[in-house]
$ cat target_30.txt   # compact mmCIF, C-alpha atoms (C1' of nucleotides)
# COMPACT_ATOMS: atom_id res chain seq x y z
CA MET A 9 145.69 78.26 119.68
CA THR A 10 144.15 80.12 116.72
CA TYR A 11 141.05 79.45 114.63
CA SER A 12 139.93 80.33 111.14
CA ILE A 13 136.60 81.97 110.41
CA THR A 14 135.16 78.65 109.18
CA GLU A 15 136.18 76.88 112.38
CA VAL A 16 134.64 79.55 114.56
CA ALA A 17 131.51 79.61 112.40
CA LYS A 18 131.09 75.89 112.98
CA MET A 19 131.50 76.33 116.73
CA MET A 20 128.88 79.08 116.77
CA LYS A 21 126.61 77.22 114.36
CA VAL A 22 126.48 80.11 111.92
CA LYS A 23 127.91 80.66 108.45
CA PRO A 24 131.27 82.31 107.91
CA SER A 25 129.41 85.05 106.05
CA THR A 26 127.42 85.74 109.20
CA LEU A 27 130.62 86.29 111.17
CA ARG A 28 131.91 88.59 108.42
CA TYR A 29 128.65 90.48 108.61
CA TYR A 30 128.95 90.77 112.39
CA ASP A 31 132.48 92.03 111.98
CA SER A 32 131.34 94.55 109.39
CA ILE A 33 128.82 96.09 111.80
CA GLY A 34 131.28 96.19 114.68
CA LEU A 35 130.21 93.14 116.65
CA LEU A 36 133.63 91.50 116.60
CA PRO A 37 136.10 94.09 117.88
CA ASN A 38 139.84 93.53 117.91
CA ILE A 39 139.97 90.42 115.78
CA LYS A 40 143.52 89.87 114.63
CA LYS A 41 144.20 89.73 110.89
CA ILE A 42 147.09 87.88 109.29
CA SER A 43 147.65 88.69 105.64
CA GLY A 44 144.09 89.89 105.37
CA ARG A 45 142.51 86.91 107.08
CA ARG A 46 140.67 86.89 110.36
CA VAL A 47 142.43 84.91 113.06
CA PHE A 48 140.45 84.09 116.19
CA GLU A 49 142.35 83.57 119.42
CA ASP A 50 141.39 82.10 122.78
CA LYS A 51 140.71 85.53 124.24
CA ASP A 52 138.10 86.17 121.54
CA PHE A 53 135.87 83.32 122.71
CA LYS A 54 135.05 85.10 125.93
CA TRP A 55 133.16 87.70 123.95
CA LEU A 56 131.81 85.22 121.42
CA ARG A 57 130.10 83.34 124.22
CA VAL A 58 128.47 86.52 125.50
CA LEU A 59 127.52 87.46 121.94
CA ASN A 60 125.90 84.07 121.57
CA CYS A 61 123.91 84.71 124.74
CA MET A 62 122.79 88.12 123.58
CA LYS A 63 121.67 86.68 120.28
CA ASN A 64 119.84 83.92 122.09
CA ILE A 65 117.72 86.34 124.02
CA ASN A 66 116.87 88.13 120.76
CA MET A 67 118.73 91.28 121.62
CA PRO A 68 118.76 93.29 118.40
CA LEU A 69 122.16 93.53 116.76
CA SER A 70 121.98 97.31 117.12
CA LYS A 71 121.79 96.95 120.92
CA ILE A 72 124.63 94.47 120.93
CA LYS A 73 126.66 96.88 118.85
CA GLU A 74 125.88 99.61 121.36
CA TYR A 75 127.20 97.40 124.15
CA VAL A 76 130.37 96.64 122.19
CA ALA A 77 130.90 100.32 121.49
CA LEU A 78 130.55 101.10 125.21
CA ALA A 79 132.99 98.35 126.15
CA GLN A 80 135.47 99.81 123.66
CA LYS A 81 135.28 103.17 125.39
CA GLY A 82 136.68 101.69 128.59
CA ASP A 83 136.04 102.28 132.29
CA SER A 84 133.99 105.45 131.80
CA THR A 85 131.08 103.35 130.51
CA LEU A 86 131.03 100.72 133.28
CA LYS A 87 127.81 101.99 134.82
CA GLU A 88 126.03 102.16 131.47
CA ARG A 89 127.03 98.60 130.64
CA TYR A 90 126.00 97.43 134.10
CA ASP A 91 122.56 98.97 133.57
CA MET A 92 122.22 97.29 130.20
CA ILE A 93 123.04 93.93 131.74
CA LEU A 94 120.51 94.40 134.55
CA LYS A 95 117.81 95.36 132.07
CA GLN A 96 118.55 92.35 129.92
CA LYS A 97 118.47 90.08 132.96
CA LEU A 98 114.91 91.23 133.63
CA GLU A 99 114.04 90.62 129.97
CA ILE A 100 115.29 87.05 130.24
CA GLU A 101 113.20 86.46 133.36
CA LYS A 102 110.10 87.73 131.59
CA GLU A 103 110.83 85.63 128.55
CA ILE A 104 111.31 82.46 130.60
CA LYS A 105 107.99 83.05 132.35
CA ALA A 106 106.26 83.58 129.00
CA LEU A 107 107.78 80.38 127.64
CA GLU A 108 106.66 78.45 130.70
CA LYS A 109 103.07 79.56 130.09
CA CYS A 110 103.37 78.56 126.45
CA TYR A 111 104.70 75.21 127.57
CA LYS A 112 101.57 74.66 129.64
CA GLU A 113 99.39 75.62 126.69
CA PHE A 114 101.22 73.03 124.61
CA GLU A 115 100.89 70.41 127.34
CA TYR A 116 97.17 70.96 127.18
CA LYS A 117 97.26 70.64 123.39
CA GLU A 118 99.16 67.40 123.77
CA TRP A 119 96.41 66.00 125.97
CA TYR A 120 93.81 67.40 123.59
CA TYR A 121 95.24 65.59 120.59
CA GLU A 122 95.89 62.37 122.51
CA THR A 123 92.24 62.32 123.52
CA ALA A 124 91.04 63.22 120.05
CA ILE A 125 93.23 60.59 118.37
CA LYS A 126 91.95 57.89 120.74
CA ALA A 127 88.38 58.86 119.94
CA GLY A 128 89.13 59.23 116.24
CA THR A 129 87.67 62.72 116.22
CA GLU A 130 88.21 66.13 117.65
CA LYS A 131 84.53 66.55 118.45
CA VAL A 132 84.86 64.90 121.88
CA VAL A 133 87.36 67.48 123.11
CA LYS A 134 86.61 70.52 120.99
CA ASN A 135 84.27 72.19 123.45
CA PHE A 136 85.60 70.59 126.56
CA SER A 137 87.50 73.63 127.75
CA SER A 138 87.94 77.03 126.28
CA ALA A 139 91.64 76.97 127.12
CA SER A 140 94.36 75.03 128.79
CA PRO A 141 93.21 74.14 132.33
CA THR A 142 96.30 75.82 133.70
CA LEU A 143 95.57 79.13 132.03
CA ASP A 144 93.02 81.71 133.04
CA ILE A 145 90.00 81.67 130.83
CA ASP A 146 89.56 85.24 129.88
CA LYS A 147 89.37 87.30 126.75
CA ILE A 148 92.91 88.54 126.72
CA PRO A 149 95.30 85.95 125.44
CA LYS A 150 97.75 85.88 128.33
CA ILE A 151 101.48 85.84 127.85
CA MET B 17 80.00 89.31 123.05
CA THR B 18 81.75 90.57 119.90
CA TYR B 19 84.88 92.62 119.38
CA SER B 20 86.20 94.90 116.67
CA ILE B 21 89.63 94.48 115.12
CA THR B 22 90.97 97.43 117.13
CA GLU B 23 89.74 95.95 120.39
CA VAL B 24 91.30 92.59 119.66
CA ALA B 25 94.52 94.25 118.50
CA LYS B 26 94.74 96.01 121.87
CA MET B 27 94.21 92.73 123.72
CA MET B 28 96.93 91.04 121.70
CA LYS B 29 99.21 94.06 121.88
CA VAL B 30 99.57 94.31 118.12
CA LYS B 31 98.31 96.80 115.53
CA PRO B 32 95.05 96.26 113.69
CA SER B 33 97.09 96.11 110.50
CA THR B 34 98.99 93.15 111.93
CA LEU B 35 95.74 91.26 112.47
CA ARG B 36 94.67 92.11 108.91
CA TYR B 37 98.00 90.82 107.72
CA TYR B 38 97.57 87.60 109.71
CA ASP B 39 94.12 87.21 108.25
CA SER B 40 95.47 87.77 104.75
CA ILE B 41 97.95 84.91 105.11
CA GLY B 42 95.38 82.54 106.60
CA LEU B 43 96.24 82.79 110.28
CA LEU B 44 92.75 83.82 111.35
CA PRO B 45 90.36 81.28 109.89
CA ASN B 46 86.59 81.59 110.15
CA ILE B 47 86.44 85.18 111.34
CA LYS B 48 82.91 86.46 110.87
CA LYS B 49 82.39 89.55 108.72
CA ILE B 50 79.50 91.95 109.08
CA SER B 51 79.13 94.41 106.21
CA GLY B 52 82.76 93.86 105.31
CA ARG B 53 84.12 94.27 108.82
CA ARG B 54 85.81 91.61 110.90
CA VAL B 55 83.84 90.66 113.97
CA PHE B 56 85.66 88.62 116.62
CA GLU B 57 83.60 86.35 118.83
CA ASP B 58 84.35 84.54 122.08
CA LYS B 59 85.12 81.31 120.23
CA ASP B 60 87.86 83.08 118.28
CA PHE B 61 89.89 83.81 121.40
CA LYS B 62 90.66 80.16 121.94
CA TRP B 63 92.76 80.19 118.79
CA LEU B 64 94.10 83.69 119.35
CA ARG B 65 95.61 82.54 122.63
CA VAL B 66 97.31 79.61 120.95
CA LEU B 67 98.47 81.89 118.14
CA ASN B 68 99.96 84.20 120.75
CA CYS B 69 101.83 81.25 122.23
CA MET B 70 103.14 80.14 118.89
CA LYS B 71 104.34 83.64 118.12
CA ASN B 72 105.97 83.82 121.53
CA ILE B 73 108.12 80.80 120.87
CA ASN B 74 109.18 82.35 117.56
CA MET B 75 107.40 79.79 115.42
CA PRO B 76 107.60 81.20 111.88
CA LEU B 77 104.28 82.42 110.53
CA SER B 78 104.62 79.87 107.72
CA LYS B 79 104.64 77.02 110.29
CA ILE B 80 101.67 78.51 112.11
CA LYS B 81 99.85 78.78 108.80
CA GLU B 82 100.64 75.12 108.16
CA TYR B 83 99.09 74.20 111.49
CA VAL B 84 95.99 76.25 110.76
CA ALA B 85 95.65 74.63 107.35
CA LEU B 86 95.86 71.17 108.95
CA ALA B 87 93.27 72.09 111.56
CA GLN B 88 90.97 73.25 108.77
CA LYS B 89 91.22 69.84 107.11
CA GLY B 90 89.61 68.17 110.10
CA ASP B 91 90.11 64.85 111.88
CA SER B 92 92.29 63.32 109.16
CA THR B 93 95.17 65.59 110.25
CA LEU B 94 94.98 64.92 114.01
CA LYS B 95 98.19 62.88 114.10
CA GLU B 96 100.13 65.46 112.09
CA ARG B 97 99.02 68.25 114.39
CA TYR B 98 99.85 66.16 117.45
CA ASP B 99 103.36 65.63 116.10
CA MET B 100 103.77 69.33 115.46
CA ILE B 101 102.75 70.11 119.02
CA LEU B 102 105.16 67.54 120.47
CA LYS B 103 108.01 68.92 118.39
CA GLN B 104 107.24 72.45 119.49
CA LYS B 105 107.08 71.36 123.11
CA LEU B 106 110.63 70.06 122.80
CA GLU B 107 111.67 73.33 121.18
CA ILE B 108 110.28 75.27 124.12
CA GLU B 109 112.16 73.06 126.58
CA LYS B 110 115.39 73.65 124.68
CA GLU B 111 114.76 77.37 124.53
CA ILE B 112 114.05 77.61 128.26
CA LYS B 113 117.29 75.75 129.02
CA ALA B 114 119.21 78.07 126.70
CA LEU B 115 117.70 81.11 128.37
CA GLU B 116 118.59 79.78 131.80
CA LYS B 117 122.22 79.47 130.73
CA CYS B 118 122.13 82.99 129.35
CA TYR B 119 120.67 84.14 132.63
CA LYS B 120 123.66 82.70 134.46
CA GLU B 121 126.03 84.39 132.04
CA PHE B 122 124.29 87.68 132.79
CA GLU B 123 124.41 87.04 136.53
CA TYR B 124 128.16 86.67 136.16
CA LYS B 125 128.29 89.90 134.17
CA GLU B 126 126.32 91.61 136.91
CA TRP B 127 128.90 90.56 139.46
CA TYR B 128 131.66 91.52 137.03
CA TYR B 129 130.39 95.07 136.65
CA GLU B 130 129.58 95.46 140.33
CA THR B 131 133.15 94.54 141.15
CA ALA B 132 134.59 96.74 138.42
CA ILE B 133 132.46 99.73 139.42
CA LYS B 134 133.56 99.38 143.06
CA ALA B 135 137.19 99.31 141.95
CA GLY B 136 136.66 102.08 139.43
CA THR B 137 138.17 99.97 136.69
CA GLU B 138 137.58 96.81 134.76
CA LYS B 139 141.22 95.76 135.06
CA VAL B 140 140.67 94.02 138.38
CA VAL B 141 138.11 91.59 136.96
CA LYS B 142 139.02 91.44 133.28
CA ASN B 143 141.22 88.38 133.48
CA PHE B 144 139.70 86.85 136.54
CA SER B 145 137.75 84.18 134.73
CA SER B 146 137.43 83.34 131.10
CA ALA B 147 133.69 82.85 131.51
CA SER B 148 130.87 82.81 133.98
CA PRO B 149 131.83 80.47 136.84
CA THR B 150 128.67 78.48 136.21
CA LEU B 151 129.49 77.82 132.57
CA ASP B 152 131.96 75.35 131.16
CA ILE B 153 135.11 76.98 130.01
CA ASP B 154 135.67 75.61 126.57
CA LYS B 155 136.09 76.94 123.09
CA ILE B 156 132.58 76.34 121.92
CA PRO B 157 130.25 79.03 123.15
CA LYS B 158 127.64 76.84 124.80
CA ILE B 159 123.95 77.41 124.43
C1' DT C 24 155.32 77.16 88.35
C1' DA C 25 150.58 76.41 88.17
C1' DT C 26 146.52 75.08 90.35
C1' DT C 27 143.63 74.54 94.24
C1' DG C 28 141.14 75.90 98.27
C1' DA C 29 140.22 79.02 101.67
C1' DC C 30 139.99 83.29 102.49
C1' DT C 31 138.96 88.70 101.34
C1' DT C 32 135.73 92.99 100.18
C1' DA C 33 131.88 95.59 98.36
C1' DA C 34 127.61 95.49 96.76
C1' DA C 35 123.44 93.56 95.54
C1' DG C 36 119.80 90.33 96.77
C1' DC C 37 116.65 87.82 99.75
C1' DT C 38 113.32 86.57 103.51
C1' DT C 39 110.41 87.48 107.24
C1' DA C 40 107.24 90.15 109.36
C1' DC C 41 105.12 93.64 109.38
C1' DT C 42 103.63 98.89 108.19
C1' DT C 43 102.10 102.48 105.42
C1' DT C 44 99.52 104.48 101.80
C1' DA C 45 95.71 105.41 98.89
C1' DA C 46 91.32 105.03 97.59
C1' DC C 47 87.02 103.48 99.14
C1' DT C 48 82.78 101.82 102.27
C1' DT C 49 79.78 101.90 106.10
C1' DA C 50 77.55 103.08 110.59
C1' DT C 51 76.67 106.56 113.74
C1' DA C 52 76.28 111.30 115.55
C1' DT C 53 74.94 116.14 114.48
C1' DA D 27 71.59 115.07 104.88
C1' DT D 28 76.16 115.24 106.01
C1' DA D 29 80.29 114.80 108.39
C1' DT D 30 83.12 111.88 111.13
C1' DA D 31 85.21 107.75 112.77
C1' DA D 32 86.37 103.28 111.99
C1' DG D 33 86.66 99.99 109.20
C1' DT D 34 87.99 97.78 104.19
C1' DT D 35 91.46 96.11 100.17
C1' DA D 36 95.51 95.94 97.27
C1' DA D 37 99.85 97.27 96.70
C1' DA D 38 103.98 99.40 97.79
C1' DG D 39 107.40 100.34 101.37
C1' DT D 40 110.38 99.28 105.40
C1' DA D 41 113.70 97.13 108.72
C1' DA D 42 116.37 93.49 110.43
C1' DG D 43 119.36 89.98 109.61
C1' DC D 44 121.52 87.67 106.95
C1' DT D 45 123.18 85.45 102.13
C1' DT D 46 124.89 85.47 97.63
C1' DT D 47 127.69 87.09 93.99
C1' DA D 48 131.68 88.77 91.68
C1' DA D 49 136.18 89.77 91.49
C1' DG D 50 140.28 89.30 93.70
C1' DT D 51 144.34 87.65 97.23
C1' DC D 52 147.25 84.39 99.27
C1' DA D 53 149.52 80.05 100.89
C1' DA D 54 150.12 75.35 100.18
C1' DT D 55 150.40 71.43 97.37
C1' DA D 56 151.05 68.76 92.59

$ encode --input "target_30.txt" --output "structure tokens"
Amino acid sequence: MTYSITEVAKMMKVKPSTLRYYDSIGLLPNIKKISGRRVFEDKDFKWLRVLNCMKNINMPLSKIKEYVALAQKGDSTLKERYDMILKQKLEIEKEIKALEKCYKEFEYKEWYYETAIKAGTEKVVKNFSSASPTLDIDKIPKI
Amino acid sequence: MTYSITEVAKMMKVKPSTLRYYDSIGLLPNIKKISGRRVFEDKDFKWLRVLNCMKNINMPLSKIKEYVALAQKGDSTLKERYDMILKQKLEIEKEIKALEKCYKEFEYKEWYYETAIKAGTEKVVKNFSSASPTLDIDKIPKI
DNA sequence: TATTGACTTAAAGCTTACTTTAACTTATAT
DNA sequence: ATATAAGTTAAAGTAAGCTTTAAGTCAATA
């Protein structure tokens, strides 16, 4: 099975121009071309899924490009790529923890507004707590 | 207790110029000024923590500004702000789920490289699986 | 055979989120 | 009194990540 750039763009929820841009900076290696047009094959989706992941964790395109370049070099770069993956795994863990704290902050805000709306005014809750009950109350905004 | 812009910048892990920029676009309402200089007080940290959260979940500064503007308008905007918070809460949930899937993809990659490094070559694992064993194997890169 | 629609490239343009620069003010230490 | 350090504004500059534009190619349909 093969796919056009528009089809793949739809799958990835990006614009075709974005995929062309990615290709232009070396993020889509070894894409077949038939009479000038990009043709995506099943094997390409393996990398596209990983690319999607890397984008999702806000890895800069330059880092992704670096990874692609290493992969292109073959077995001699296995260790380097492994290290990159490990580092990114830690980043994801950190990010999930940060998001979980934010979630709690927003849960508090939800309660805050529910209470305020019931009372018709923010005054009743405004000075109730200096922060979400689940967060430490200290000067440094914790993340 | 009061704090200078540099002190607060350190706490938030941003540059003083970033805080000035935030102030300039209306993200730091009601900051006291003494002889032209910004003076941060304890009450300001309540909002700074929320701001930090909003930044952490990649809420665009324009949306944050919108929220601040609503808050400035007082009780008449309680419902609107409540809705914003609920929407953002859902966004965080989605983002955490996405990150967890990425984490699994990276766990697979970790195994992939460990196996390849042991063997000295990628060939042994390259066509083992078309994706992380924990992810659906379909065309659409899932997030 | 001519038109349509989907693709192509190269280059310029845009948006977001800062960051830097330049010229100036103010409080504190010498 | 003066120098220094830390702040100020307005405006220009920067970087990342696309997006748009213009001019052209190609294959399929009317």

$ atom_distance --input "target_30.txt" --atom1 "CA of Gly82 (chain A)" --atom2 "CA of Lys125 (chain B)"
15.5 Å

$ calpha_fit_and_write --input "target_30.txt" --fixed "chain A" --moving "chain B" --output "PDB file with C-alpha atoms, in the coordinates of the input"
ATOM      1  CA  MET B  17     145.896  78.507 119.784  1.00  0.00           C
ATOM      2  CA  THR B  18     144.348  80.338 116.813  1.00  0.00           C
ATOM      3  CA  TYR B  19     141.301  79.625 114.697  1.00  0.00           C
ATOM      4  CA  SER B  20     140.183  80.483 111.190  1.00  0.00           C
ATOM      5  CA  ILE B  21     136.832  82.076 110.432  1.00  0.00           C
ATOM      6  CA  THR B  22     135.458  78.744 109.186  1.00  0.00           C
ATOM      7  CA  GLU B  23     136.476  76.971 112.372  1.00  0.00           C
ATOM      8  CA  VAL B  24     134.876  79.601 114.558  1.00  0.00           C
ATOM      9  CA  ALA B  25     131.764  79.637 112.371  1.00  0.00           C
ATOM     10  CA  LYS B  26     131.407  75.889 112.945  1.00  0.00           C
ATOM     11  CA  MET B  27     131.757  76.340 116.705  1.00  0.00           C
ATOM     12  CA  MET B  28     129.109  79.046 116.725  1.00  0.00           C
ATOM     13  CA  LYS B  29     126.897  77.169 114.288  1.00  0.00           C
ATOM     14  CA  VAL B  30     126.744  80.051 111.838  1.00  0.00           C
ATOM     15  CA  LYS B  31     128.201  80.614 108.366  1.00  0.00           C
ATOM     16  CA  PRO B  32     131.541  82.320 107.876  1.00  0.00           C
ATOM     17  CA  SER B  33     129.671  85.030 105.999  1.00  0.00           C
ATOM     18  CA  THR B  34     127.626  85.696 109.128  1.00  0.00           C
ATOM     19  CA  LEU B  35     130.796  86.294 111.133  1.00  0.00           C
ATOM     20  CA  ARG B  36     132.075  88.618 108.393  1.00  0.00           C
ATOM     21  CA  TYR B  37     128.783  90.436 108.553  1.00  0.00           C
ATOM     22  CA  TYR B  38     129.028  90.741 112.342  1.00  0.00           C
ATOM     23  CA  ASP B  39     132.540  92.047 111.966  1.00  0.00           C
ATOM     24  CA  SER B  40     131.393  94.564 109.371  1.00  0.00           C
ATOM     25  CA  ILE B  41     128.829  96.047 111.755  1.00  0.00           C
ATOM     26  CA  GLY B  42     131.257  96.187 114.674  1.00  0.00           C
ATOM     27  CA  LEU B  43     130.208  93.107 116.613  1.00  0.00           C
ATOM     28  CA  LEU B  44     133.660  91.535 116.599  1.00  0.00           C
ATOM     29  CA  PRO B  45     136.062  94.151 117.896  1.00  0.00           C
ATOM     30  CA  ASN B  46     139.819  93.650 117.995  1.00  0.00           C
ATOM     31  CA  ILE B  47     139.993  90.554 115.824  1.00  0.00           C
ATOM     32  CA  LYS B  48     143.573  90.069 114.698  1.00  0.00           C
ATOM     33  CA  LYS B  49     144.282  89.943 110.967  1.00  0.00           C
ATOM     34  CA  ILE B  50     147.206  88.143 109.401  1.00  0.00           C
ATOM     35  CA  SER B  51     147.788  88.974 105.741  1.00  0.00           C
ATOM     36  CA  GLY B  52     144.199  90.128 105.462  1.00  0.00           C
ATOM     37  CA  ARG B  53     142.664  87.103 107.146  1.00  0.00           C
ATOM     38  CA  ARG B  54     140.801  87.064 110.430  1.00  0.00           C
ATOM     39  CA  VAL B  55     142.580  85.107 113.116  1.00  0.00           C
ATOM     40  CA  PHE B  56     140.572  84.244 116.233  1.00  0.00           C
ATOM     41  CA  GLU B  57     142.456  83.761 119.474  1.00  0.00           C
ATOM     42  CA  ASP B  58     141.489  82.249 122.817  1.00  0.00           C
ATOM     43  CA  LYS B  59     140.741  85.678 124.275  1.00  0.00           C
ATOM     44  CA  ASP B  60     138.153  86.270 121.556  1.00  0.00           C
ATOM     45  CA  PHE B  61     135.977  83.387 122.716  1.00  0.00           C
ATOM     46  CA  LYS B  62     135.091  85.147 125.929  1.00  0.00           C
ATOM     47  CA  TRP B  63     133.164  87.720 123.929  1.00  0.00           C
ATOM     48  CA  LEU B  64     131.881  85.225 121.380  1.00  0.00           C
ATOM     49  CA  ARG B  65     130.171  83.318 124.173  1.00  0.00           C
ATOM     50  CA  VAL B  66     128.492  86.460 125.443  1.00  0.00           C
ATOM     51  CA  LEU B  67     127.540  87.393 121.884  1.00  0.00           C
ATOM     52  CA  ASN B  68     125.969  83.965 121.501  1.00  0.00           C
ATOM     53  CA  CYS B  69     123.951  84.585 124.653  1.00  0.00           C
ATOM     54  CA  MET B  70     122.795  87.965 123.496  1.00  0.00           C
ATOM     55  CA  LYS B  71     121.724  86.536 120.166  1.00  0.00           C
ATOM     56  CA  ASN B  72     119.918  83.736 121.960  1.00  0.00           C
ATOM     57  CA  ILE B  73     117.734  86.124 123.885  1.00  0.00           C
ATOM     58  CA  ASN B  74     116.890  87.891 120.621  1.00  0.00           C
ATOM     59  CA  MET B  75     118.720  91.082 121.500  1.00  0.00           C
ATOM     60  CA  PRO B  76     118.744  93.093 118.256  1.00  0.00           C
ATOM     61  CA  LEU B  77     122.160  93.356 116.646  1.00  0.00           C
ATOM     62  CA  SER B  78     121.909  97.140 117.010  1.00  0.00           C
ATOM     63  CA  LYS B  79     121.682  96.772 120.823  1.00  0.00           C
ATOM     64  CA  ILE B  80     124.586  94.339 120.858  1.00  0.00           C
ATOM     65  CA  LYS B  81     126.586  96.785 118.771  1.00  0.00           C
ATOM     66  CA  GLU B  82     125.743  99.499 121.291  1.00  0.00           C
ATOM     67  CA  TYR B  83     127.090  97.328 124.085  1.00  0.00           C
ATOM     68  CA  VAL B  84     130.273  96.606 122.164  1.00  0.00           C
ATOM     69  CA  ALA B  85     130.756 100.299 121.460  1.00  0.00           C
ATOM     70  CA  LEU B  86     130.377 101.079 125.178  1.00  0.00           C
ATOM     71  CA  ALA B  87     132.845  98.361 126.120  1.00  0.00           C
ATOM     72  CA  GLN B  88     135.318  99.846 123.651  1.00  0.00           C
ATOM     73  CA  LYS B  89     135.075 103.215 125.393  1.00  0.00           C
ATOM     74  CA  GLY B  90     136.481 101.761 128.591  1.00  0.00           C
ATOM     75  CA  ASP B  91     135.807 102.321 132.289  1.00  0.00           C
ATOM     76  CA  SER B  92     133.739 105.479 131.792  1.00  0.00           C
ATOM     77  CA  THR B  93     130.860 103.335 130.468  1.00  0.00           C
ATOM     78  CA  LEU B  94     130.833 100.708 133.246  1.00  0.00           C
ATOM     79  CA  LYS B  95     127.574 101.941 134.774  1.00  0.00           C
ATOM     80  CA  GLU B  96     125.807 102.076 131.409  1.00  0.00           C
ATOM     81  CA  ARG B  97     126.860  98.537 130.589  1.00  0.00           C
ATOM     82  CA  TYR B  98     125.817  97.346 134.041  1.00  0.00           C
ATOM     83  CA  ASP B  99     122.373  98.846 133.486  1.00  0.00           C
ATOM     84  CA  MET B 100     122.087  97.170 130.113  1.00  0.00           C
ATOM     85  CA  ILE B 101     122.934  93.818 131.651  1.00  0.00           C
ATOM     86  CA  LEU B 102     120.389  94.251 134.452  1.00  0.00           C
ATOM     87  CA  LYS B 103     117.688  95.182 131.963  1.00  0.00           C
ATOM     88  CA  GLN B 104     118.484  92.176 129.819  1.00  0.00           C
ATOM     89  CA  LYS B 105     118.423  89.912 132.851  1.00  0.00           C
ATOM     90  CA  LEU B 106     114.865  91.036 133.529  1.00  0.00           C
ATOM     91  CA  GLU B 107     113.992  90.421 129.888  1.00  0.00           C
ATOM     92  CA  ILE B 108     115.270  86.866 130.145  1.00  0.00           C
ATOM     93  CA  GLU B 109     113.208  86.259 133.283  1.00  0.00           C
ATOM     94  CA  LYS B 110     110.099  87.526 131.516  1.00  0.00           C
ATOM     95  CA  GLU B 111     110.827  85.415 128.471  1.00  0.00           C
ATOM     96  CA  ILE B 112     111.342  82.256 130.527  1.00  0.00           C
ATOM     97  CA  LYS B 113     108.022  82.845 132.306  1.00  0.00           C
ATOM     98  CA  ALA B 114     106.285  83.383 128.968  1.00  0.00           C
ATOM     99  CA  LEU B 115     107.777  80.189 127.594  1.00  0.00           C
ATOM    100  CA  GLU B 116     106.673  78.251 130.651  1.00  0.00           C
ATOM    101  CA  LYS B 117     103.099  79.399 130.079  1.00  0.00           C
ATOM    102  CA  CYS B 118     103.348  78.410 126.438  1.00  0.00           C
ATOM    103  CA  TYR B 119     104.658  75.050 127.534  1.00  0.00           C
ATOM    104  CA  LYS B 120     101.540  74.522 129.624  1.00  0.00           C
ATOM    105  CA  GLU B 121      99.345  75.528 126.709  1.00  0.00           C
ATOM    106  CA  PHE B 122     101.122  72.918 124.600  1.00  0.00           C
ATOM    107  CA  GLU B 123     100.786  70.298 127.327  1.00  0.00           C
ATOM    108  CA  TYR B 124      97.054  70.923 127.212  1.00  0.00           C
ATOM    109  CA  LYS B 125      97.109  70.603 123.430  1.00  0.00           C
ATOM    110  CA  GLU B 126      98.970  67.329 123.783  1.00  0.00           C
ATOM    111  CA  TRP B 127      96.233  65.979 126.007  1.00  0.00           C
ATOM    112  CA  TYR B 128      93.631  67.438 123.652  1.00  0.00           C
ATOM    113  CA  TYR B 129      95.005  65.595 120.640  1.00  0.00           C
ATOM    114  CA  GLU B 130      95.626  62.384 122.551  1.00  0.00           C
ATOM    115  CA  THR B 131      91.996  62.375 123.594  1.00  0.00           C
ATOM    116  CA  ALA B 132      90.758  63.300 120.133  1.00  0.00           C
ATOM    117  CA  ILE B 133      92.904  60.656 118.434  1.00  0.00           C
ATOM    118  CA  LYS B 134      91.602  57.972 120.818  1.00  0.00           C
ATOM    119  CA  ALA B 135      88.036  59.009 120.029  1.00  0.00           C
ATOM    120  CA  GLY B 136      88.767  59.370 116.336  1.00  0.00           C
ATOM    121  CA  THR B 137      87.355  62.869 116.328  1.00  0.00           C
ATOM    122  CA  GLU B 138      87.971  66.283 117.752  1.00  0.00           C
ATOM    123  CA  LYS B 139      84.296  66.771 118.587  1.00  0.00           C
ATOM    124  CA  VAL B 140      84.625  65.124 121.982  1.00  0.00           C
ATOM    125  CA  VAL B 141      87.197  67.637 123.224  1.00  0.00           C
ATOM    126  CA  LYS B 142      86.482  70.708 121.114  1.00  0.00           C
ATOM    127  CA  ASN B 143      84.201  72.431 123.578  1.00  0.00           C
ATOM    128  CA  PHE B 144      85.518  70.840 126.701  1.00  0.00           C
ATOM    129  CA  SER B 145      87.496  73.827 127.872  1.00  0.00           C
ATOM    130  CA  SER B 146      87.989  77.233 126.410  1.00  0.00           C
ATOM    131  CA  ALA B 147      91.689  77.089 127.238  1.00  0.00           C
ATOM    132  CA  SER B 148      94.371  75.048 128.881  1.00  0.00           C
ATOM    133  CA  PRO B 149      93.203  74.170 132.408  1.00  0.00           C
ATOM    134  CA  THR B 150      96.343  75.770 133.795  1.00  0.00           C
ATOM    135  CA  LEU B 151      95.703  79.110 132.124  1.00  0.00           C
ATOM    136  CA  ASP B 152      93.253  81.783 133.145  1.00  0.00           C
ATOM    137  CA  ILE B 153      90.209  81.827 130.991  1.00  0.00           C
ATOM    138  CA  ASP B 154      89.801  85.421 130.022  1.00  0.00           C
ATOM    139  CA  LYS B 155      89.600  87.437 126.868  1.00  0.00           C
ATOM    140  CA  ILE B 156      93.152  88.633 126.836  1.00  0.00           C
ATOM    141  CA  PRO B 157      95.477  85.978 125.524  1.00  0.00           C
ATOM    142  CA  LYS B 158      97.942  85.881 128.396  1.00  0.00           C
ATOM    143  CA  ILE B 159     101.659  85.734 127.908  1.00  0.00           C
TER     144      ILE B 159
END

$ interface_residues --input "target_30.txt" --of "chain B" --to "chain C" --cutoff "12 Å" --atoms "all atoms listed in the file" --output "list of chain:residue names"
B:Val30, B:Lys31, B:Pro32, B:Ser33, B:Thr34, B:Leu35, B:Arg36, B:Tyr37, B:Tyr38, B:Ile41, B:Ile50, B:Ser51, B:Gly52, B:Arg53, B:Lys71, B:Asn74, B:Met75, B:Pro76, B:Leu77, B:Ser78

$ interface_residues --input "target_30.txt" --of "chain D" --to "chain A" --cutoff "9 Å" --atoms "all atoms listed in the file" --output "PyMOL selection string"
chain D and resi 42-45+51-52
